[in-house]
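*Asks:* What follows is start_24.txt, made up of compact mmCIF, C-alpha atoms:
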# COMPACT_ATOMS: atom_id res chain seq x y z
CA MET A 1 98.73 -244.43 91.41
CA ILE A 2 100.81 -241.75 89.69
CA GLY A 3 98.47 -239.14 91.18
CA LEU A 4 99.04 -240.54 94.67
CA ILE A 5 102.84 -240.47 94.27
CA LEU A 6 102.69 -236.89 92.98
CA SER A 7 100.51 -235.83 95.91
CA LEU A 8 102.97 -237.48 98.30
CA PHE A 9 105.89 -235.58 96.70
CA VAL A 10 104.02 -232.30 96.93
CA GLY A 11 103.12 -233.05 100.55
CA VAL A 12 106.72 -233.87 101.49
CA GLY A 13 107.91 -230.75 99.65
CA LEU A 14 105.48 -228.52 101.52
CA LEU A 15 106.46 -230.12 104.81
CA ALA A 16 110.15 -229.50 104.06
CA ILE A 17 109.42 -225.82 103.30
CA LEU A 18 107.49 -225.52 106.58
CA VAL A 19 110.36 -227.07 108.55
CA LEU A 20 112.83 -224.71 106.88
CA LEU A 21 110.68 -221.69 107.66
CA ALA A 22 110.25 -222.81 111.25
CA ARG A 23 114.00 -223.29 111.68
CA ARG A 24 114.76 -219.76 110.52
CA GLY A 25 113.53 -218.58 113.88
CA ASN A 26 111.85 -215.32 114.63
CA PRO A 27 112.71 -212.70 112.07
CA ARG A 28 114.08 -209.49 113.60
CA VAL A 29 111.69 -206.63 113.41
CA GLU A 30 113.28 -203.29 112.68
CA GLY A 31 113.01 -200.93 115.61
CA SER A 32 111.97 -203.77 117.86
CA ALA A 33 112.48 -203.60 121.61
CA GLN A 34 115.21 -206.19 121.28
CA GLN A 35 117.14 -203.94 118.91
CA LEU A 36 116.77 -200.98 121.25
CA VAL A 37 118.04 -203.03 124.15
CA GLU A 38 120.96 -204.23 122.01
CA ALA A 39 121.80 -200.64 121.10
CA ARG A 40 121.77 -199.69 124.78
CA GLN A 41 123.96 -202.68 125.71
CA THR A 42 126.45 -201.97 122.92
CA LEU A 43 126.66 -198.35 123.99
CA ASP A 44 127.24 -199.36 127.61
CA MET A 45 129.88 -201.88 126.55
CA VAL A 46 131.75 -199.21 124.57
CA GLN A 47 131.51 -196.61 127.32
CA LEU A 48 132.37 -198.93 130.21
CA GLY A 49 134.47 -201.61 128.53
CA LEU A 50 136.45 -199.94 125.76
CA LEU A 51 136.64 -196.23 126.29
CA PRO A 52 137.50 -195.71 129.97
CA ARG A 53 140.53 -193.46 130.15
CA ASP A 54 142.42 -195.83 132.46
CA LEU A 55 142.07 -198.73 130.02
CA VAL A 56 143.24 -196.74 127.00
CA GLU A 57 146.04 -195.16 129.00
CA ARG A 58 147.23 -198.51 130.30
CA ILE A 59 147.22 -200.24 126.90
CA PHE A 60 149.19 -197.46 125.24
CA ALA A 61 151.33 -196.44 128.23
CA THR A 62 154.77 -195.43 127.04
CA GLN A 63 156.19 -195.79 130.55
CA ASP A 64 155.99 -199.59 130.13
CA LEU A 65 157.89 -199.36 126.85
CA GLU A 66 160.52 -197.14 128.47
CA TYR A 67 160.88 -199.58 131.37
CA VAL A 68 161.25 -202.64 129.14
CA THR A 69 163.73 -200.83 126.89
CA ARG A 70 165.75 -199.85 129.96
CA VAL A 71 165.91 -203.15 131.82
CA ALA A 72 165.06 -206.08 129.55
CA PRO A 73 167.08 -207.88 126.91
CA ALA A 74 166.18 -207.58 123.23
CA GLU A 75 164.06 -210.74 123.07
CA VAL A 76 161.87 -209.59 125.97
CA GLN A 77 161.51 -206.18 124.31
CA ARG A 78 160.35 -207.89 121.13
CA ALA A 79 157.91 -210.07 123.08
CA PHE A 80 156.57 -206.96 124.84
CA LEU A 81 155.99 -205.12 121.56
CA ARG A 82 154.35 -208.22 120.05
CA GLU A 83 151.97 -208.53 123.02
CA ARG A 84 151.07 -204.84 123.10
CA LYS A 85 150.49 -204.85 119.35
CA ARG A 86 148.13 -207.80 119.71
CA ILE A 87 146.20 -206.06 122.50
CA ALA A 88 146.09 -202.74 120.61
CA ILE A 89 144.71 -204.44 117.50
CA ALA A 90 142.15 -206.35 119.58
CA TRP A 91 141.08 -203.07 121.21
CA VAL A 92 140.64 -201.15 117.97
CA GLU A 93 138.89 -204.11 116.30
CA ARG A 94 136.41 -204.34 119.15
CA LEU A 95 135.85 -200.61 119.11
CA ARG A 96 135.23 -200.66 115.37
CA GLY A 97 132.97 -203.73 115.62
CA SER A 98 130.89 -202.14 118.37
CA PHE A 99 130.39 -198.95 116.39
CA VAL A 100 129.46 -200.87 113.23
CA LYS A 101 126.82 -202.68 115.29
CA LEU A 102 125.64 -199.45 116.90
CA MET A 103 125.43 -197.77 113.49
CA ARG A 104 123.28 -200.59 112.10
CA LEU A 105 120.95 -200.43 115.08
CA HIS A 106 120.67 -196.65 114.78
CA ARG A 107 119.92 -196.88 111.07
CA ALA A 108 117.14 -199.35 111.75
CA GLN A 109 115.66 -197.19 114.50
CA ALA A 110 115.91 -193.97 112.54
CA ARG A 111 113.48 -195.42 110.02
CA VAL A 112 110.94 -196.34 112.65
CA TYR A 113 111.08 -193.81 115.48
CA PRO A 114 109.86 -190.30 114.73
CA GLN A 115 111.19 -189.18 118.13
CA LEU A 116 114.74 -189.22 116.77
CA SER A 117 115.79 -185.82 115.50
CA LEU A 118 116.90 -185.81 111.86
CA ARG A 119 119.68 -183.30 112.49
CA LYS A 120 121.09 -185.42 115.30
CA GLU A 121 120.90 -188.56 113.19
CA ILE A 122 122.74 -186.90 110.29
CA GLY A 123 125.42 -185.62 112.67
CA LEU A 124 125.68 -189.08 114.16
CA GLY A 125 126.02 -190.62 110.70
CA ILE A 126 128.87 -188.28 109.76
CA ASN A 127 130.62 -188.97 113.06
CA PHE A 128 130.14 -192.72 112.62
CA VAL A 129 131.77 -192.65 109.19
CA ALA A 130 134.69 -190.50 110.43
CA LEU A 131 135.19 -192.77 113.43
CA LEU A 132 135.14 -195.97 111.39
CA ALA A 133 137.68 -194.47 108.97
CA THR A 134 139.96 -193.48 111.86
CA CYS A 135 139.63 -196.95 113.40
CA GLY A 136 140.54 -198.51 110.05
CA ALA A 137 143.59 -196.26 109.74
CA LEU A 138 144.58 -197.10 113.33
CA GLN A 139 144.32 -200.81 112.60
CA VAL A 140 146.66 -200.43 109.63
CA ALA A 141 149.08 -198.28 111.67
CA PHE A 142 149.16 -200.81 114.53
CA ARG A 143 149.71 -203.72 112.16
CA LEU A 144 152.48 -202.02 110.25
CA ARG A 145 154.26 -199.98 112.89
CA GLY A 146 153.18 -201.30 116.27
CA PRO A 147 151.05 -199.99 119.15
CA TYR A 148 152.92 -196.73 119.64
CA ALA A 149 152.78 -195.73 115.98
CA ALA A 150 150.01 -193.17 115.97
CA PRO A 151 149.35 -191.46 119.34
CA ARG A 152 147.59 -188.48 117.72
CA MET A 153 145.33 -190.72 115.68
CA LEU A 154 144.56 -192.68 118.84
CA GLU A 155 143.53 -189.46 120.58
CA THR A 156 141.36 -188.52 117.61
CA ALA A 157 139.69 -191.94 117.62
CA THR A 158 138.94 -191.92 121.35
CA ALA A 159 137.63 -188.34 121.19
CA ALA A 160 135.44 -189.18 118.17
CA ALA A 161 134.20 -192.34 119.90
CA ALA A 162 133.27 -190.38 123.00
CA ARG A 163 131.45 -187.82 120.82
CA VAL A 164 129.50 -190.54 118.98
CA CYS A 165 128.62 -192.14 122.31
CA MET A 166 127.30 -188.81 123.58
CA ILE A 167 125.13 -188.17 120.50
CA SER A 168 124.00 -191.77 120.51
CA GLU A 169 123.13 -191.49 124.18
CA GLU A 170 120.99 -188.41 123.42
CA SER A 171 119.27 -190.27 120.58
CA LEU A 172 118.42 -193.12 122.87
CA ALA A 173 117.46 -190.86 125.76
CA PHE A 174 113.75 -191.42 125.12
CA LEU A 175 114.32 -195.02 126.18
CA LYS A 176 115.21 -193.94 129.69
CA THR A 177 112.32 -194.03 132.05
CA GLU A 178 112.10 -191.91 135.13
CA PRO A 179 113.47 -193.89 138.09
CA LEU A 180 110.79 -195.20 140.40
CA ARG A 181 110.29 -193.06 143.46
CA PRO A 182 109.28 -194.55 146.75
CA LEU A 183 105.52 -194.63 147.32
CA GLU A 184 105.74 -192.06 150.12
CA ASP A 185 107.41 -189.52 147.85
CA ARG A 186 104.79 -190.01 145.20
CA ALA A 187 102.02 -189.61 147.71
CA ARG A 188 103.60 -186.42 149.00
CA GLY A 189 103.96 -185.14 145.44
CA SER A 190 100.28 -185.74 144.66
CA GLU A 191 99.27 -184.02 147.90
CA ALA A 192 101.27 -180.99 146.93
CA VAL A 193 99.41 -180.82 143.62
CA MET B 194 128.43 -206.46 153.23
CA GLN B 195 130.87 -203.58 153.56
CA THR B 196 131.72 -204.74 157.08
CA ALA B 197 132.53 -208.23 155.84
CA ALA B 198 134.74 -206.86 153.08
CA ASP B 199 136.49 -204.57 155.59
CA ASP B 200 136.96 -207.50 157.94
CA LEU B 201 138.49 -209.53 155.12
CA ARG B 202 140.80 -206.66 154.18
CA ARG B 203 141.85 -206.05 157.77
CA ARG B 204 142.35 -209.59 159.01
CA THR B 205 143.46 -211.52 155.93
CA LEU B 206 144.42 -209.39 152.97
CA SER B 207 146.51 -206.96 154.97
CA GLN B 208 148.90 -209.83 155.72
CA MET B 209 149.70 -210.04 152.01
CA PRO B 210 151.84 -207.15 150.86
CA GLY B 211 151.47 -207.70 147.13
CA ALA B 212 148.32 -207.36 145.05
CA LEU B 213 149.35 -210.37 142.96
CA GLU B 214 149.46 -212.52 146.06
CA ARG B 215 146.03 -211.23 147.09
CA LEU B 216 144.65 -211.98 143.63
CA ILE B 217 145.90 -215.56 143.66
CA TYR B 218 144.64 -216.04 147.21
CA LEU B 219 141.16 -214.65 146.48
CA ALA B 220 140.88 -216.70 143.29
CA SER B 221 141.76 -219.79 145.28
CA THR B 222 138.76 -219.25 147.56
CA ARG B 223 136.46 -219.63 144.54
CA ASP B 224 134.93 -222.98 143.68
CA TYR B 225 135.45 -223.44 139.95
CA ASN B 226 132.41 -225.68 139.68
CA ASN B 227 129.92 -223.04 140.69
CA GLY B 228 131.87 -219.77 140.76
CA LEU B 229 131.04 -219.15 144.42
CA TYR B 230 133.59 -218.02 146.98
CA TYR B 231 134.01 -219.74 150.33
CA HIS B 232 135.75 -218.59 153.48
CA ASP B 233 134.97 -220.44 156.68
CA GLY B 234 136.09 -217.75 159.11
CA LEU B 235 134.23 -214.99 157.31
CA ALA B 236 131.12 -217.14 156.86
CA SER B 237 131.03 -217.95 160.58
CA ARG B 238 131.24 -214.26 161.50
CA PHE B 239 128.71 -213.12 158.89
CA SER B 240 126.95 -215.60 156.60
CA GLU B 241 127.95 -217.67 153.60
CA ILE B 242 126.25 -215.33 151.17
CA VAL B 243 127.75 -212.19 152.69
CA ALA B 244 131.19 -213.83 152.82
CA CYS B 245 130.88 -214.85 149.17
CA GLN B 246 129.90 -211.33 148.14
CA ALA B 247 132.72 -209.76 150.18
CA LEU B 248 135.29 -212.10 148.63
CA ALA B 249 133.97 -211.36 145.14
CA ASP B 250 134.11 -207.60 145.79
CA CYS B 251 137.67 -207.79 147.10
CA HIS B 252 138.64 -209.99 144.15
CA ARG B 253 137.37 -207.39 141.66
CA GLU B 254 139.07 -204.62 143.61
CA VAL B 255 142.44 -206.40 143.61
CA PHE B 256 142.11 -207.22 139.92
CA HIS B 257 141.56 -203.54 139.19
CA GLU B 258 144.53 -202.61 141.36
CA LEU B 259 146.77 -204.99 139.41
CA PHE B 260 145.33 -203.84 136.11
CA GLU B 261 146.43 -200.31 136.90
CA CYS B 262 149.96 -201.37 137.87
CA SER B 263 152.74 -200.44 135.51
CA LEU B 264 154.97 -203.21 134.23
CA GLU B 265 157.66 -202.11 136.66
CA ASP B 266 155.22 -202.47 139.57
CA LEU B 267 154.15 -205.85 138.31
CA VAL B 268 157.74 -207.09 138.31
CA ARG B 269 157.97 -205.87 141.91
CA GLN B 270 154.74 -207.74 142.70
CA LEU B 271 156.32 -210.92 141.34
CA ASP B 272 159.25 -210.39 143.67
CA PHE B 273 156.87 -210.12 146.65
CA TYR B 274 154.94 -213.15 145.48
CA VAL B 275 157.95 -215.43 145.11
CA GLU B 276 159.21 -214.29 148.49
CA SER B 277 155.89 -215.04 150.14
CA THR B 278 155.43 -218.48 148.58
CA ARG B 279 159.03 -219.52 149.24
CA THR B 280 159.01 -221.40 145.95
CA ALA B 281 162.28 -221.82 144.07
CA PRO B 282 162.18 -219.08 141.41
CA GLY B 283 163.02 -221.54 138.64
CA ASP B 284 160.11 -223.80 139.58
CA LEU B 285 157.73 -220.88 139.70
CA ILE B 286 158.82 -219.60 136.30
CA ALA B 287 158.47 -223.05 134.75
CA ALA B 288 155.05 -223.63 136.31
CA TRP B 289 153.69 -220.20 135.47
CA ARG B 290 154.94 -220.48 131.93
CA ASN B 291 153.33 -223.85 131.38
CA LEU B 292 150.15 -223.55 133.41
CA GLU B 293 149.56 -219.80 133.27
CA PRO B 294 147.61 -219.97 136.57
CA TYR B 295 146.93 -216.22 136.48
CA ARG B 296 144.47 -216.82 133.61
CA VAL B 297 142.02 -218.54 135.96
CA ALA B 298 142.60 -215.97 138.70
CA VAL B 299 140.50 -213.38 136.91
CA PRO B 300 137.16 -212.44 138.56
CA ALA B 301 133.98 -213.50 136.79
CA ALA B 302 132.42 -211.07 134.34
CA THR B 303 135.68 -209.22 133.81
CA ASP B 304 135.89 -207.58 130.41
CA PRO B 305 137.82 -210.01 128.17
CA LEU B 306 140.11 -207.25 126.91
CA ALA B 307 141.01 -206.15 130.45
CA SER B 308 141.66 -209.75 131.46
CA ASP B 309 143.74 -210.41 128.33
CA PHE B 310 145.72 -207.24 128.99
CA LEU B 311 146.57 -208.18 132.57
CA CYS B 312 147.54 -211.74 131.61
CA SER B 313 149.74 -210.42 128.83
CA ASN B 314 151.38 -207.99 131.25
CA ILE B 315 152.02 -210.74 133.81
CA LYS B 316 153.60 -212.85 131.06
CA ILE B 317 155.96 -210.01 130.11
CA ALA B 318 156.67 -209.19 133.77
CA LEU B 319 157.64 -212.83 134.25
CA ALA B 320 160.04 -212.62 131.32
CA VAL B 321 161.57 -209.39 132.66
CA TRP B 322 161.84 -210.87 136.13
CA GLU B 323 163.55 -214.00 134.76
CA SER B 324 166.02 -211.94 132.75
CA ARG B 325 166.88 -209.93 135.85
CA LEU B 326 167.41 -213.12 137.83
CA ASP B 327 169.66 -214.40 135.08
CA ALA B 328 171.70 -211.25 135.32
CA ARG B 329 171.84 -211.34 139.11
CA LEU B 330 172.86 -214.97 139.52
CA PRO B 331 176.04 -216.42 138.08
CA ARG B 332 175.05 -219.31 135.88
CA LYS B 333 176.40 -222.73 136.72
CA PRO B 334 176.27 -225.86 134.57
CA ASP B 335 173.55 -227.28 136.83
CA ALA B 336 171.75 -223.99 137.34
CA TRP B 337 168.07 -224.27 138.20
CA LEU B 338 166.81 -221.88 135.57
CA PRO B 339 164.95 -223.89 132.96
CA ARG B 340 165.56 -223.22 129.28
Render the structure in this file as structure tokens.
*Replies:*
Amino acid sequence: MIGLILSLFVGVGLLAILVLLARRGNPRVEGSAQQLVEARQTLDMVQLGLLPRDLVERIFATQDLEYVTRVAPAEVQRAFLRERKRIAIAWVERLRGSFVKLMRLHRAQARVYPQLSLRKEIGLGINFVALLATCGALQVAFRLRGPYAAPRMLETATAAAARVCMISEESLAFLKTEPLRPLEDRARGSEAV
Amino acid sequence: MQTAADDLRRRTLSQMPGALERLIYLASTRDYNNGLYYHDGLASRFSEIVACQALADCHREVFHELFECSLEDLVRQLDFYVESTRTAPGDLIAAWRNLEPYRVAVPAATDPLASDFLCSNIKIALAVWESRLDARLPRKPDAWLPR
């Protein structure tokens, strides 16, 4: 009887472990296709969603500040600065978050893909660290002194971000396949050969 | 597709001088249950799918136009909008403050930061516009401006 109860306990225990393992889902494989696609998507999001010149220029446009200072009462001016500060912080937080993600994905790929050049990866690493530090400093500046506190630092951050994007793009270039040509073109090409 | 969008711009949108008015109009042609745009006139000239795509394209275009507006331009847009709707300014301010209808007027798949930025700008433009109205109109005990 005691043996039966013990066997039951062991059985239930094993079943529980199996359920737990099953619920953990598929473990992420380093350098997997999913990670590469994520890296590509993050890069696109940064380039198209966070770094376009018009977006950055609009968020930090001093002409809006000048206008509000000129025509609006003090409470509206305060509301304006509060709103712009919120947006500026959201922007820099997203930028930082995207680069942290991109850095992790790059680190994972660098261990797996021999196609990635070591020199490029080291350069990328240094740029990543510099960019994250600048973003951190910008966050502090925005929180303490508002969205117009550090225009030079902002320029440095956007330039560094663009540089990292460019190197990152080169690192991921091997992912790009040649666009499909129409069948006729291909046929013509093979004839020429 | 381009022809349908041009047709929409020429026949309908050109009647609306302000981009804000165009944004609200285009958003109102979208069914919030399925995200599709409907326009009977355009659909009868082209097809429902083409009309939907043209409306979506114009919606994105107008959103971008408003996004690029300075705060000063946005205040001007509000002026145009109030004039075109013939709503009492006080009612519009109260409704827009409470309901924030411009939040649902954003095209689908817009970057959240861009959408947040425009909504924040409209909110500030509304406050500026209200303060200018306050300054322009002598206040009476039963004035319509809500507090």
*Asks:* List every residue of chain A that has an atom at most 7 Å from any atom of chain B, and for each one report the closest atom pair and its distance in Å to one decimal, counting all atoms listed in the file, with rows sorted by chain and then by increasing residue number, as a tab-separated table.
*Replies:*
residue	atom	partner	partner_atom	distance
A:Gly49	CA	B:Asp304	CA	6.4
A:Arg58	CA	B:Glu261	CA	6.9
A:Asp64	CA	B:Leu264	CA	5.6
A:Tyr67	CA	B:Glu265	CA	6.7
A:Ala72	CA	B:Val321	CA	5.7
A:Val76	CA	B:Ala320	CA	6.4
A:Phe80	CA	B:Ile317	CA	6.1
A:Glu83	CA	B:Ser313	CA	6.5
A:Ile87	CA	B:Phe310	CA	6.6
*Asks:* Could you check the closest approach to B:Leu201 for each of B:Leu213, B:Ile242, B:Ala249, B:Ile315 and tell me which residue wins, using all atoms listed in the file?
*Replies:*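 Using all atoms listed in the file, the shortest distance to B:Leu201 belongs to B:Ala249.
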*Asks:* Kindly give the distance, in Å, that separates atom CA of B:Cys251 and atom CA of B:Arg215, rounded to a single decimal.
*Replies:* 9.0 Å
*Asks:* Nearest residue to A:Leu43 out of A:Gly3, A:Pro73, A:Gly97, A:Gly11, using all atoms listed in the file?
*Replies:*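 When distances to A:Leu43 are compared using all atoms listed in the file, the smallest one comes from A:Gly97.
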*Asks:* Mind checking which residues fall within 10 Å of stretch 222-236 of chain B, counting only C-alpha atoms, ignoring those fewer than 3 positions away in the same chain, and posting them as a list of chain:residue names?
*Replies:*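 Residues meeting the cut-off are B:Ala197, B:Ala198, B:Asp200, B:Leu201, B:Arg204, B:Thr205, B:Ile217, B:Tyr218, B:Leu219, B:Phe239, B:Ser240, B:Glu241, B:Ile242, B:Val243, B:Ala244, B:Cys245, B:Gln246, B:Ala247, B:Leu248, B:Ala249, B:His252, B:Val297, B:Ala298, B:Pro300, B:Ala301.
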*Asks:* Fewer than 6 positions away in the same chain doesn't count, so skip those; otherwise give me all residues within 9 Å of stretch 119-124 of chain A, counting all atoms listed in the file, as a VMD selection string.
*Replies:* chain A and resid 103 106 to 107 110 163 to 164 167 to 168 170 to 171
*Asks:* Dump C-alpha atoms for the selected residues as a PDB file, keeping the file's coordinate frame?
*Replies:*
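Output file part-v8.pdb is given in full below:
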ATOM      1  CA  MET A 103     125.430-197.770 113.490  1.00  0.00           C
ATOM      2  CA  HIS A 106     120.670-196.650 114.780  1.00  0.00           C
ATOM      3  CA  ARG A 107     119.920-196.880 111.070  1.00  0.00           C
ATOM      4  CA  ALA A 110     115.910-193.970 112.540  1.00  0.00           C
ATOM      5  CA  ARG A 163     131.450-187.820 120.820  1.00  0.00           C
ATOM      6  CA  VAL A 164     129.500-190.540 118.980  1.00  0.00           C
ATOM      7  CA  ILE A 167     125.130-188.170 120.500  1.00  0.00           C
ATOM      8  CA  SER A 168     124.000-191.770 120.510  1.00  0.00           C
ATOM      9  CA  GLU A 170     120.990-188.410 123.420  1.00  0.00           C
ATOM     10  CA  SER A 171     119.270-190.270 120.580  1.00  0.00           C
TER      11      SER A 171
END
*Asks:* Restricting the calculation to only C-alpha atoms: of A:Met166, A:Val19, A:Leu154, A:Leu65, which residue gets closest to A:Phe142?
*Replies:* A:Leu154
*Asks:* Between A:Gln41, A:Phe99, A:Ile17, A:Leu81, which residue has the minimum interatomic distance to A:Ala61, considering all atoms listed in the file?
*Replies:*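 Between A:Gln41, A:Phe99, A:Ile17, A:Leu81, the residue approaching A:Ala61 most closely is A:Leu81.
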*Asks:* Name the residues in contact with B:Gly211 at a cut-off of 6 Å, using only C-alpha atoms, excluding same-chain residues fewer than 3 positions from it; report them as a list of chain:residue names.
*Replies:*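 Counting only the stated atoms, we get B:Glu214, B:Gln270, B:Phe273.
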*Asks:* What's the separation between atom CA of B:Ser221 and atom CA of B:Val268, in Å to one decimal place?
*Replies:* 21.6 Å
*Asks:* Which is closest to A:Leu132 among A:Ser7, A:Ser98, A:Gln77, A:Gln63, if we use only C-alpha atoms?
*Replies:*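 Among the listed residues, the smallest separation from A:Leu132 belongs to A:Ser98.
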*Asks:* Return the single residue from B:Ala288, B:Val255, B:Ala212, B:Cys312 that is closest to B:Leu271, with distances computed using only C-alpha atoms.
*Replies:* B:Ala212
*Asks:* Report, in Å to a single decimal, how far apart atom CA of A:Leu102 and atom CA of A:Ala160 are.
*Replies:*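 Separation of atom CA of A:Ala160 and atom CA of A:Leu102: 14.3 Å.
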